[in-house]
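K.L.:
File target03.csv below, CSV, C-alpha atoms:
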```csv
chain,number,residue,atom,x,y,z
M,502,MET,CA,188.4,34.1,36.0
M,503,ALA,CA,191.5,35.0,38.0
M,504,PRO,CA,194.0,32.2,38.9
M,505,GLN,CA,193.4,32.7,42.6
M,506,ASP,CA,189.7,32.0,42.1
M,507,ILE,CA,190.4,28.8,40.2
M,508,SER,CA,192.8,27.9,43.1
M,509,LYS,CA,190.0,28.4,45.5
M,510,LEU,CA,187.7,26.2,43.5
M,511,ILE,CA,190.3,23.4,43.3
M,512,VAL,CA,190.9,23.6,47.1
M,513,ARG,CA,187.1,23.5,47.8
M,514,THR,CA,186.8,20.6,45.3
M,515,SER,CA,189.4,18.8,47.4
M,516,MET,CA,187.0,19.1,50.3
M,517,LYS,CA,184.3,17.5,48.1
M,518,ASP,CA,182.4,20.7,47.6
M,519,ARG,CA,180.2,19.9,44.7
M,520,ALA,CA,179.1,23.4,44.0
M,521,ALA,CA,182.8,24.4,43.6
M,522,PHE,CA,183.4,21.4,41.4
M,523,ASP,CA,180.5,22.4,39.2
M,524,LEU,CA,181.8,25.9,38.9
M,525,LEU,CA,185.3,24.6,38.2
M,526,TYR,CA,183.9,22.5,35.4
M,527,ARG,CA,182.1,25.4,33.9
M,528,GLN,CA,185.2,27.6,34.0
M,529,THR,CA,187.8,25.2,32.8
M,530,SER,CA,186.1,22.4,30.7
M,531,ALA,CA,186.5,24.2,27.4
M,532,LYS,CA,190.2,24.5,27.9
M,533,LEU,CA,190.6,20.9,29.0
M,534,PHE,CA,188.4,19.7,26.2
M,535,GLY,CA,190.6,21.6,23.7
M,536,VAL,CA,193.6,19.7,25.2
M,537,CYS,CA,191.9,16.3,24.9
M,538,LEU,CA,190.7,17.0,21.4
M,539,ARG,CA,194.1,18.1,20.2
M,540,VAL,CA,195.8,15.0,21.6
M,541,LEU,CA,193.2,12.4,20.8
M,542,ASN,CA,191.9,13.9,17.6
M,543,ASP,CA,188.5,12.2,18.0
M,544,ARG,CA,185.5,13.9,19.5
M,545,GLY,CA,184.0,10.8,21.1
M,546,ASP,CA,187.3,9.8,22.6
M,547,ALA,CA,187.9,13.3,23.8
M,548,GLU,CA,184.5,13.5,25.5
M,549,GLU,CA,185.2,10.3,27.3
M,550,ALA,CA,188.7,11.5,28.3
M,551,LEU,CA,187.3,14.8,29.6
M,552,GLN,CA,185.0,12.9,32.0
M,553,GLU,CA,187.9,10.8,33.2
M,554,VAL,CA,190.0,14.0,33.6
M,555,PHE,CA,187.4,15.5,35.9
M,556,VAL,CA,187.0,12.3,37.8
M,557,LYS,CA,190.8,12.6,38.5
M,558,ILE,CA,190.4,16.2,39.4
M,559,TRP,CA,187.6,15.3,41.9
M,560,THR,CA,189.6,12.6,43.5
M,561,LYS,CA,193.1,14.1,43.4
M,562,ALA,CA,192.4,17.8,44.0
M,563,ASP,CA,194.3,17.7,47.2
M,564,ARG,CA,197.5,17.2,45.3
M,565,PHE,CA,197.3,20.7,43.8
M,566,ALA,CA,198.7,21.9,47.1
M,567,VAL,CA,202.1,20.4,46.5
M,568,SER,CA,202.5,21.6,42.9
M,569,ASP,CA,204.3,24.7,41.8
M,570,LEU,CA,202.1,25.0,38.8
M,571,SER,CA,199.5,27.7,38.3
M,572,PRO,CA,196.0,26.3,38.9
M,573,ILE,CA,195.0,26.3,35.2
M,574,SER,CA,198.4,24.7,34.2
M,575,TRP,CA,197.9,22.1,36.9
M,576,LEU,CA,194.5,21.2,35.4
M,577,VAL,CA,195.9,21.2,31.9
M,578,ALA,CA,198.7,18.9,33.0
M,579,ILE,CA,196.2,16.4,34.3
M,580,ALA,CA,194.2,16.6,31.0
M,581,ARG,CA,197.3,16.4,28.8
M,582,ASN,CA,198.8,13.4,30.7
M,583,HIS,CA,195.5,11.6,30.7
M,584,ALA,CA,194.9,12.1,27.0
M,585,ILE,CA,198.5,11.0,26.2
M,586,ASP,CA,198.0,7.9,28.4
M,587,ARG,CA,194.8,7.2,26.6
M,588,ILE,CA,196.2,7.6,23.1
M,589,ARG,CA,199.2,5.4,24.0
M,590,ALA,CA,196.8,2.7,25.0
M,591,ARG,CA,195.3,2.7,21.5
M,592,ARG,CA,196.6,-0.3,19.6
M,593,VAL,CA,197.1,1.5,16.3
M,594,PRO,CA,197.9,5.2,16.8
M,595,ALA,CA,195.5,7.2,14.7
M,596,ALA,CA,197.5,9.3,12.3
M,597,HIS,CA,197.1,12.9,13.0
M,598,ILE,CA,195.1,14.5,10.2
M,599,ASP,CA,197.0,17.5,8.9
M,600,ALA,CA,193.9,19.7,9.3
M,601,ALA,CA,193.8,18.9,13.0
M,602,LEU,CA,197.5,19.7,13.3
M,603,ASP,CA,196.9,23.0,11.6
M,604,VAL,CA,194.2,24.1,13.9
M,605,ALA,CA,195.0,27.8,14.1
M,606,ASP,CA,196.8,28.7,17.3
M,607,PRO,CA,194.9,31.7,18.4
M,608,ALA,CA,196.8,34.7,19.6
M,609,PRO,CA,197.1,34.3,23.4
M,610,GLY,CA,194.0,36.0,24.9
M,611,PRO,CA,193.6,36.9,28.6
M,612,GLU,CA,193.0,33.3,29.5
M,613,ALA,CA,196.2,32.2,27.7
M,614,MET,CA,198.1,34.8,29.6
M,615,VAL,CA,196.9,33.2,32.8
M,616,VAL,CA,198.3,29.9,31.5
M,617,ALA,CA,201.5,31.5,30.5
M,618,GLY,CA,202.2,33.2,33.8
M,619,GLY,CA,205.7,34.7,34.5
M,620,GLU,CA,207.8,31.9,33.0
M,621,SER,CA,206.5,32.1,29.5
M,622,GLU,CA,209.3,34.3,28.1
M,623,ARG,CA,211.9,31.8,29.3
M,624,ILE,CA,210.7,28.7,27.5
M,625,TYR,CA,210.0,30.6,24.2
M,626,HIS,CA,213.4,32.2,24.4
M,627,CYS,CA,215.1,28.8,25.0
M,628,LEU,CA,213.1,27.1,22.2
M,629,ASP,CA,214.4,29.9,19.9
M,630,GLU,CA,218.0,28.8,20.7
M,631,LEU,CA,217.3,25.4,19.2
M,632,GLU,CA,217.4,24.7,15.5
M,633,LYS,CA,214.1,25.5,14.0
M,634,ASP,CA,213.0,21.9,13.2
M,635,ARG,CA,214.1,20.7,16.6
M,636,ALA,CA,212.1,23.4,18.3
M,637,ALA,CA,209.1,22.4,16.2
M,638,ALA,CA,209.5,18.8,17.2
M,639,VAL,CA,209.5,19.7,20.9
M,640,ARG,CA,206.5,21.9,20.4
M,641,GLY,CA,204.7,19.3,18.3
M,642,ALA,CA,205.5,16.6,20.9
M,643,TYR,CA,204.1,18.7,23.7
M,644,LEU,CA,200.9,19.9,22.0
M,645,ASN,CA,200.0,16.6,20.2
M,646,GLY,CA,201.5,14.2,22.7
M,647,GLU,CA,203.2,12.3,19.9
M,648,SER,CA,205.5,9.4,20.8
M,649,TYR,CA,209.1,9.0,19.7
M,650,ALA,CA,207.8,6.5,17.1
M,651,GLU,CA,205.2,8.8,15.7
M,652,LEU,CA,207.6,11.8,15.6
M,653,ALA,CA,210.2,9.6,13.8
M,654,GLU,CA,207.6,8.7,11.2
M,655,ARG,CA,206.4,12.3,10.7
M,656,HIS,CA,209.9,13.7,10.4
M,657,SER,CA,211.0,10.7,8.3
M,658,VAL,CA,214.0,9.9,10.4
M,659,PRO,CA,214.9,6.6,12.2
M,660,LEU,CA,213.5,6.2,15.7
M,661,ASN,CA,216.9,6.4,17.3
M,662,THR,CA,217.7,9.5,15.5
M,663,MET,CA,214.6,11.1,16.7
M,664,ARG,CA,215.3,10.0,20.2
M,665,THR,CA,218.8,11.5,20.1
M,666,TRP,CA,217.5,14.7,18.6
M,667,LEU,CA,215.0,15.2,21.2
M,668,ARG,CA,217.2,14.3,24.1
M,669,ARG,CA,219.8,16.7,22.9
M,670,SER,CA,217.1,19.3,22.6
M,671,LEU,CA,215.9,18.7,26.1
M,672,LEU,CA,219.5,18.9,27.5
M,673,LYS,CA,220.0,22.2,25.7
M,674,LEU,CA,216.6,23.4,27.0
M,675,ARG,CA,217.5,22.5,30.5
M,676,GLU,CA,220.9,24.3,30.2
M,677,CYS,CA,219.1,27.4,28.9
M,678,LEU,CA,216.3,27.3,31.4
M,679,GLU,CA,218.7,27.0,34.4
M,680,ARG,CA,220.9,29.8,33.1
S,973,MET,CA,215.8,2.7,26.1
S,974,THR,CA,215.0,5.9,27.9
S,975,LEU,CA,217.7,8.1,29.3
S,976,ALA,CA,216.8,6.9,32.8
S,977,GLU,CA,217.9,3.4,31.7
S,978,ASP,CA,220.9,4.6,29.8
S,979,ASN,CA,222.3,6.7,32.6
S,980,GLY,CA,221.1,5.0,35.7
S,981,PRO,CA,219.1,6.6,38.4
S,982,GLU,CA,221.4,9.6,39.0
S,983,ARG,CA,219.9,13.1,38.8
S,984,GLY,CA,220.7,13.6,35.1
S,985,GLY,CA,218.9,10.5,33.9
S,986,ASP,CA,215.9,11.0,36.1
S,987,ASP,CA,215.6,14.6,35.2
S,988,LEU,CA,215.6,13.8,31.4
S,989,PHE,CA,213.2,10.9,32.0
S,990,ALA,CA,210.9,13.4,33.8
S,991,ALA,CA,211.3,15.8,30.8
S,992,GLU,CA,210.4,13.0,28.3
S,993,TYR,CA,207.4,12.1,30.4
S,994,VAL,CA,206.1,15.7,30.5
S,995,LEU,CA,206.9,16.2,26.8
S,996,GLY,CA,204.7,13.1,26.1
S,997,VAL,CA,207.1,11.2,23.9
S,998,LEU,CA,207.4,8.0,26.0
S,999,ALA,CA,205.8,4.7,25.1
S,1000,MET,CA,203.0,3.3,27.2
S,1001,ASP,CA,205.1,1.0,29.4
S,1002,GLU,CA,207.6,3.8,30.1
S,1003,ARG,CA,204.8,6.2,31.0
S,1004,GLN,CA,203.4,3.7,33.4
S,1005,ILE,CA,206.8,3.4,35.1
S,1006,ALA,CA,207.0,7.2,35.3
S,1007,SER,CA,203.6,7.7,36.8
S,1008,ARG,CA,204.2,5.0,39.4
S,1009,ARG,CA,207.4,6.8,40.4
S,1010,ILE,CA,205.5,10.1,40.6
S,1011,ASP,CA,203.1,8.5,43.0
S,1012,THR,CA,205.8,6.9,45.2
S,1013,GLU,CA,209.0,9.1,44.9
S,1014,THR,CA,208.7,12.7,46.0
S,1015,ALA,CA,212.0,13.6,44.4
S,1016,PHE,CA,210.9,12.3,41.0
S,1017,ALA,CA,207.5,14.0,41.3
S,1018,ARG,CA,209.3,17.3,41.9
S,1019,LEU,CA,211.4,16.9,38.8
S,1020,VAL,CA,208.2,16.2,36.8
S,1021,ASP,CA,206.5,19.2,38.3
S,1022,ASN,CA,209.5,21.4,37.4
S,1023,TRP,CA,209.3,20.4,33.8
S,1024,GLU,CA,205.5,20.9,33.8
S,1025,VAL,CA,206.2,24.4,35.0
S,1026,HIS,CA,208.8,25.0,32.3
S,1027,PHE,CA,206.7,23.7,29.4
S,1028,SER,CA,203.3,25.0,30.6
S,1029,PRO,CA,203.4,28.3,28.6
S,1030,MET,CA,203.2,26.2,25.4
S,1031,ALA,CA,199.7,25.1,26.6
S,1032,ALA,CA,198.5,28.6,25.6
S,1033,ALA,CA,198.2,27.2,22.1
S,1034,TYR,CA,195.4,24.8,23.1
S,1035,PRO,CA,192.2,26.4,21.9
S,1036,GLU,CA,189.1,26.5,24.2
S,1037,ILE,CA,186.5,24.3,22.8
S,1038,GLU,CA,183.1,24.0,24.5
S,1039,PRO,CA,182.4,20.3,25.2
S,1040,PRO,CA,178.9,19.0,24.4
S,1041,ALA,CA,176.3,19.6,27.2
S,1042,SER,CA,175.8,15.9,27.7
S,1043,VAL,CA,179.3,15.4,29.2
S,1044,LYS,CA,178.7,17.0,32.6
S,1045,PRO,CA,175.5,15.0,33.4
S,1046,ALA,CA,177.4,11.8,32.3
S,1047,LEU,CA,180.3,12.9,34.5
S,1048,ASP,CA,178.0,13.4,37.5
S,1049,ARG,CA,176.4,10.1,37.0
S,1050,ARG,CA,179.8,8.5,37.0
S,1051,LEU,CA,181.0,10.3,40.1
S,1052,PHE,CA,177.9,10.6,42.2
S,1053,ALA,CA,175.2,8.1,41.1
S,1054,SER,CA,177.1,4.9,41.8
S,1055,SER,CA,178.1,5.9,45.4
S,1056,SER,CA,174.5,6.8,46.4
S,1057,ALA,CA,173.2,3.6,44.6
S,1058,ALA,CA,175.6,1.6,46.6
S,1059,ALA,CA,173.8,2.5,49.8
S,1060,PRO,CA,170.9,0.3,50.8
S,1061,PRO,CA,168.3,1.5,48.3
S,1062,ARG,CA,165.4,1.7,50.7
S,1063,ALA,CA,167.1,2.9,53.8
S,1064,GLY,CA,166.5,6.6,53.0
S,1065,LEU,CA,162.8,6.2,52.6
S,1066,TRP,CA,162.0,3.8,55.4
S,1067,SER,CA,164.2,5.5,57.9
S,1068,SER,CA,162.4,8.7,57.2
S,1069,LEU,CA,158.9,7.3,57.8
S,1070,GLY,CA,158.9,9.2,61.0
S,1071,PHE,CA,158.8,12.6,59.3
S,1072,TRP,CA,156.0,11.6,57.0
S,1073,ARG,CA,153.9,10.9,60.1
S,1074,GLY,CA,155.1,14.1,61.6
S,1075,LEU,CA,153.6,16.2,58.8
S,1076,ALA,CA,151.6,19.1,60.2
S,1077,ALA,CA,148.0,18.2,59.6
S,1078,ALA,CA,146.9,21.7,59.8
S,1079,ALA,CA,149.3,22.8,57.1
S,1080,VAL,CA,148.1,19.9,54.9
S,1081,ALA,CA,144.5,20.9,55.3
S,1082,ALA,CA,145.2,24.6,54.5
S,1083,LEU,CA,147.2,23.8,51.5
S,1084,ALA,CA,144.7,21.2,50.3
S,1085,ILE,CA,142.0,23.8,50.2
S,1086,TYR,CA,144.3,26.2,48.4
S,1087,VAL,CA,145.2,23.7,45.8
S,1088,ALA,CA,141.8,22.1,45.5
S,1089,VAL,CA,139.8,25.3,44.8
S,1090,PRO,CA,140.8,25.7,41.1
S,1091,TYR,CA,140.3,22.0,40.5
S,1092,LEU,CA,136.9,22.0,42.0
S,1093,SER,CA,135.4,24.7,39.9
S,1094,PRO,CA,133.8,22.2,37.5
S,1095,PRO,CA,131.8,20.6,40.2
S,1096,ALA,CA,130.5,17.6,38.3
S,1097,VAL,CA,133.2,15.2,39.5
S,1098,ALA,CA,132.6,13.0,42.5
S,1099,PRO,CA,135.0,14.1,45.3
S,1100,GLN,CA,136.3,10.7,45.9
S,1101,GLU,CA,138.0,10.7,42.5
S,1102,ARG,CA,140.2,13.5,43.5
S,1103,LEU,CA,142.8,13.2,46.2
S,1104,VAL,CA,145.3,15.7,47.3
S,1105,ALA,CA,148.6,15.6,49.1
S,1106,SER,CA,151.0,18.2,50.4
S,1107,LEU,CA,154.5,16.9,50.2
S,1108,ALA,CA,157.1,18.4,52.5
S,1109,ALA,CA,159.8,17.3,54.9
S,1110,ASP,CA,161.8,18.7,57.8
S,1111,GLY,CA,165.2,20.0,56.8
S,1112,SER,CA,164.1,20.5,53.2
S,1113,ASP,CA,162.7,23.4,51.4
S,1114,VAL,CA,161.1,21.3,48.7
S,1115,LYS,CA,157.3,21.4,48.8
S,1116,TYR,CA,154.9,20.0,46.3
S,1117,LEU,CA,151.2,20.1,46.1
S,1118,VAL,CA,149.7,17.0,44.4
S,1119,VAL,CA,146.3,16.6,43.0
S,1120,TYR,CA,145.4,13.1,41.8
S,1121,ASP,CA,142.6,12.8,39.3
S,1122,ALA,CA,141.7,9.1,39.3
S,1123,ALA,CA,139.3,9.3,36.3
S,1124,ARG,CA,141.9,10.9,34.1
S,1125,ARG,CA,144.8,8.9,35.7
S,1126,ASP,CA,146.6,12.2,36.1
S,1127,VAL,CA,148.8,13.5,38.8
S,1128,GLY,CA,149.1,17.3,38.8
S,1129,LEU,CA,152.2,18.6,40.7
S,1130,SER,CA,152.6,22.1,41.7
S,1131,LEU,CA,156.1,23.1,43.0
S,1132,VAL,CA,155.6,25.4,45.9
S,1133,SER,CA,159.2,25.9,46.8
S,1134,GLY,CA,162.7,24.3,46.4
S,1135,GLU,CA,164.7,23.5,43.4
S,1136,ARG,CA,166.5,20.5,42.0
S,1137,ALA,CA,170.3,20.7,41.9
S,1138,ALA,CA,172.1,20.7,38.6
S,1139,GLY,CA,172.4,17.2,37.2
S,1140,LYS,CA,169.6,15.9,39.5
S,1141,ASP,CA,166.0,15.0,39.1
S,1142,PHE,CA,163.1,14.7,41.5
S,1143,GLU,CA,161.4,11.3,41.3
S,1144,LEU,CA,157.9,10.6,42.6
S,1145,TRP,CA,157.2,7.4,44.6
S,1146,MET,CA,154.1,5.8,45.9
S,1147,ILE,CA,154.3,3.8,49.1
S,1148,GLU,CA,151.3,1.7,49.9
S,1149,GLY,CA,151.2,-0.2,53.2
S,1150,LYS,CA,154.5,-1.9,53.9
S,1151,ASN,CA,155.4,-2.5,50.3
S,1152,ALA,CA,158.5,-1.2,48.6
S,1153,PRO,CA,158.2,2.2,47.0
S,1154,VAL,CA,156.9,2.2,43.4
S,1155,SER,CA,158.1,4.8,41.0
S,1156,MET,CA,155.6,7.1,39.5
S,1157,GLY,CA,158.2,8.7,37.3
S,1158,VAL,CA,160.6,11.6,37.2
S,1159,ILE,CA,158.8,14.8,37.9
S,1160,PRO,CA,159.2,17.1,34.9
S,1161,ALA,CA,160.9,20.4,35.6
S,1162,GLY,CA,158.6,23.4,36.0
S,1163,GLN,CA,156.2,25.0,38.4
S,1164,THR,CA,153.2,23.0,37.3
S,1165,THR,CA,153.6,19.6,35.8
S,1166,HIS,CA,151.7,16.4,35.2
S,1167,LEU,CA,152.4,12.7,35.3
S,1168,THR,CA,150.3,10.0,33.9
S,1169,VAL,CA,149.6,7.2,36.3
S,1170,ALA,CA,150.4,3.7,35.1
S,1171,PRO,CA,147.5,1.2,35.5
S,1172,ALA,CA,149.5,-0.9,38.0
S,1173,VAL,CA,150.0,2.1,40.2
S,1174,GLN,CA,146.5,3.3,39.8
S,1175,GLN,CA,145.0,0.2,41.5
S,1176,LYS,CA,146.9,1.0,44.7
S,1177,LEU,CA,146.8,4.7,44.6
S,1178,ALA,CA,144.1,5.5,47.1
S,1179,GLN,CA,143.4,7.5,50.2
S,1180,GLY,CA,146.2,6.9,52.7
S,1181,ALA,CA,148.9,6.0,50.2
S,1182,VAL,CA,152.1,7.9,50.8
S,1183,LEU,CA,153.7,9.9,48.1
S,1184,ALA,CA,157.4,10.8,48.4
S,1185,VAL,CA,159.9,12.8,46.3
S,1186,SER,CA,163.5,11.7,46.2
S,1187,VAL,CA,166.6,13.3,44.7
S,1188,GLU,CA,167.9,11.1,41.9
S,1189,PRO,CA,170.5,11.3,39.1
S,1190,THR,CA,169.2,12.9,35.9
S,1191,GLY,CA,166.7,10.6,34.3
S,1192,GLY,CA,165.7,8.9,37.5
S,1193,SER,CA,166.9,6.2,39.8
S,1194,PRO,CA,169.1,3.7,38.1
S,1195,THR,CA,168.0,0.9,40.4
S,1196,GLY,CA,164.2,1.2,40.4
S,1197,GLN,CA,164.3,2.1,44.0
S,1198,PRO,CA,165.0,5.5,45.6
S,1199,THR,CA,168.7,6.1,45.9
S,1200,GLY,CA,168.9,9.7,47.0
S,1201,PRO,CA,167.4,11.5,50.0
S,1202,VAL,CA,163.7,12.0,50.4
S,1203,VAL,CA,163.1,15.7,50.2
S,1204,ALA,CA,159.3,15.8,50.5
S,1205,ALA,CA,156.5,13.4,51.4
S,1206,GLY,CA,152.9,13.3,52.4
S,1207,ASP,CA,149.8,11.1,52.3
S,1208,LEU,CA,146.9,11.3,49.9
S,1209,LYS,CA,143.7,12.7,51.4
S,1210,GLY,CA,140.2,13.1,50.1
S,1211,ILE,CA,139.2,16.6,49.5
```
Take the structure in this file and express it as structure tokens.
P.N.:
Amino acid sequence: MAPQDISKLIVRTSMKDRAAFDLLYRQTSAKLFGVCLRVLNDRGDAEEALQEVFVKIWTKADRFAVSDLSPISWLVAIARNHAIDRIRARRVPAAHIDAALDVADPAPGPEAMVVAGGESERIYHCLDELEKDRAAAVRGAYLNGESYAELAERHSVPLNTMRTWLRRSLLKLRECLER
Amino acid sequence: MTLAEDNGPERGGDDLFAAEYVLGVLAMDERQIASRRIDTETAFARLVDNWEVHFSPMAAAYPEIEPPASVKPALDRRLFASSSAAAPPRAGLWSSLGFWRGLAAAAVAALAIYVAVPYLSPPAVAPQERLVASLAADGSDVKYLVVYDAARRDVGLSLVSGERAAGKDFELWMIEGKNAPVSMGVIPAGQTTHLTVAPAVQQKLAQGAVLAVSVEPTGGSPTGQPTGPVVAAGDLKGI
């Protein structure tokens, strides 16, 4: 489905058009479920999160108008942030099973290209300018929604070291992205 | 301990705080601060949106995974069932008493004959034991023909027109006199379906009783009383 079609569905959803909302769910729930599942690493939790994500989409669809994000990226951002909030609220963070981390990243299909949009080259180029393990930490943090504490544990470095690493990486990224 | 706290509220600190939020590395309390600021500070919300735009290409790595079919009905219940249940449960039915009475008698008679003919072919049964109703309403395309077989405690429903929306069910109600509607059950999907009449309902189900169809969340009214609009109604008549 073309981005402008998803935009229309979001706009119509903001006007409480249920048919549009149903269609939006049909078109995008698989992607958003993939996001929830990756971050939460638990099917039951991810199903619950997906419902909450679409409740947010139903109630906050009007905010899409003020975002610079592509429609699918806007939806992914809602799902990602919600899943991360949810996993932070867990008392004991569930350790990411390696198998789940290694879920093969499929070659970007047409849908992925929609997500990528025009900016994609830029972020990948800038990540390439970072040291390899730092770039991997940024990517891992983004995709899995891991906290500083979890990243520190996984990379076997003290928490403050991890924080310093990532902040330096973010500063470099910003410098590169704005170049 | 975030950069925002280290560097104060100037642009650099805020921008990196926004980046940390988008990246997802912040602790729960820090995330709560960030999301409050997104809601209240336009400038901060723009910084966050900017980073979302920068990072969004990485989301291409999330695979598409079809969620179980049960999620959408549960979502609909969550979003739409509670709001309709919050309305006075009987208002829909009682306020629409007018259109039940307004049913075109001629149409009912014509349809009654139409539906009754196949049922009458074994002529052994006493006519009083079979009642028919044509259920319809103004402003709705849902029409059911109902044949009630008292001896077999069976209600046969034939869907003439109309369709239930996704995530919705039709529920059949009996209204006898001025009493509250009594559920006869969710009408199974399909052109021709049957419901078994509960003994308690059977005692009151007689000529003159009104049958009504309301739109309910999947699985039927959560309250035991109609919660959605009445899309078809009519009274039981002898053949």
K.L.:
Could you please tell me, as a PyMOL selection string, which residues of chain S have an atom within 6 Å of chain M when using only C-alpha atoms?
P.N.:
chain S and resi 995-998+1000+1025+1029+1032-1038+1047
K.L.:
Would you pick out the contacts of stretch 1119-1129 of chain S at 8 Å or less, using only C-alpha atoms, so that residues sharing its chain but fewer than 3 positions from it are not included, and give the list as a list in words?
P.N.:
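So the residues in contact are Val1087, Ala1088, Glu1101, Arg1102, Leu1103, Val1104, Ala1105, Tyr1116, Gln1163, Thr1164, Thr1165, His1166, Leu1167, Thr1168, Val1169, Ala1170 and Gln1174 of chain S.
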K.L.:
Take the selection from the previous step and output its residues with C-alpha atoms, as a PDB file, keeping the file's coordinate frame.
P.N.:
```pdb
ATOM      1  CA  VAL S1087     145.200  23.700  45.800  1.00  0.00           C
ATOM      2  CA  ALA S1088     141.800  22.100  45.500  1.00  0.00           C
ATOM      3  CA  GLU S1101     138.000  10.700  42.500  1.00  0.00           C
ATOM      4  CA  ARG S1102     140.200  13.500  43.500  1.00  0.00           C
ATOM      5  CA  LEU S1103     142.800  13.200  46.200  1.00  0.00           C
ATOM      6  CA  VAL S1104     145.300  15.700  47.300  1.00  0.00           C
ATOM      7  CA  ALA S1105     148.600  15.600  49.100  1.00  0.00           C
ATOM      8  CA  TYR S1116     154.900  20.000  46.300  1.00  0.00           C
ATOM      9  CA  GLN S1163     156.200  25.000  38.400  1.00  0.00           C
ATOM     10  CA  THR S1164     153.200  23.000  37.300  1.00  0.00           C
ATOM     11  CA  THR S1165     153.600  19.600  35.800  1.00  0.00           C
ATOM     12  CA  HIS S1166     151.700  16.400  35.200  1.00  0.00           C
ATOM     13  CA  LEU S1167     152.400  12.700  35.300  1.00  0.00           C
ATOM     14  CA  THR S1168     150.300  10.000  33.900  1.00  0.00           C
ATOM     15  CA  VAL S1169     149.600   7.200  36.300  1.00  0.00           C
ATOM     16  CA  ALA S1170     150.400   3.700  35.100  1.00  0.00           C
ATOM     17  CA  GLN S1174     146.500   3.300  39.800  1.00  0.00           C
TER      18      GLN S1174
END
```
K.L.:
Atom CA of S:Pro1194 to atom CA of S:Arg1050: how many Å, to one decimal?
P.N.:
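Value for the atom CA of S:Pro1194-atom CA of S:Arg1050 distance: 11.8 Å.
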K.L.:
Which of these, S:Ser1133, S:Ala990, S:Pro1045, S:Val1173, has the shortest distance to S:Ala1015 once you count only C-alpha atoms?
P.N.:
S:Ala990
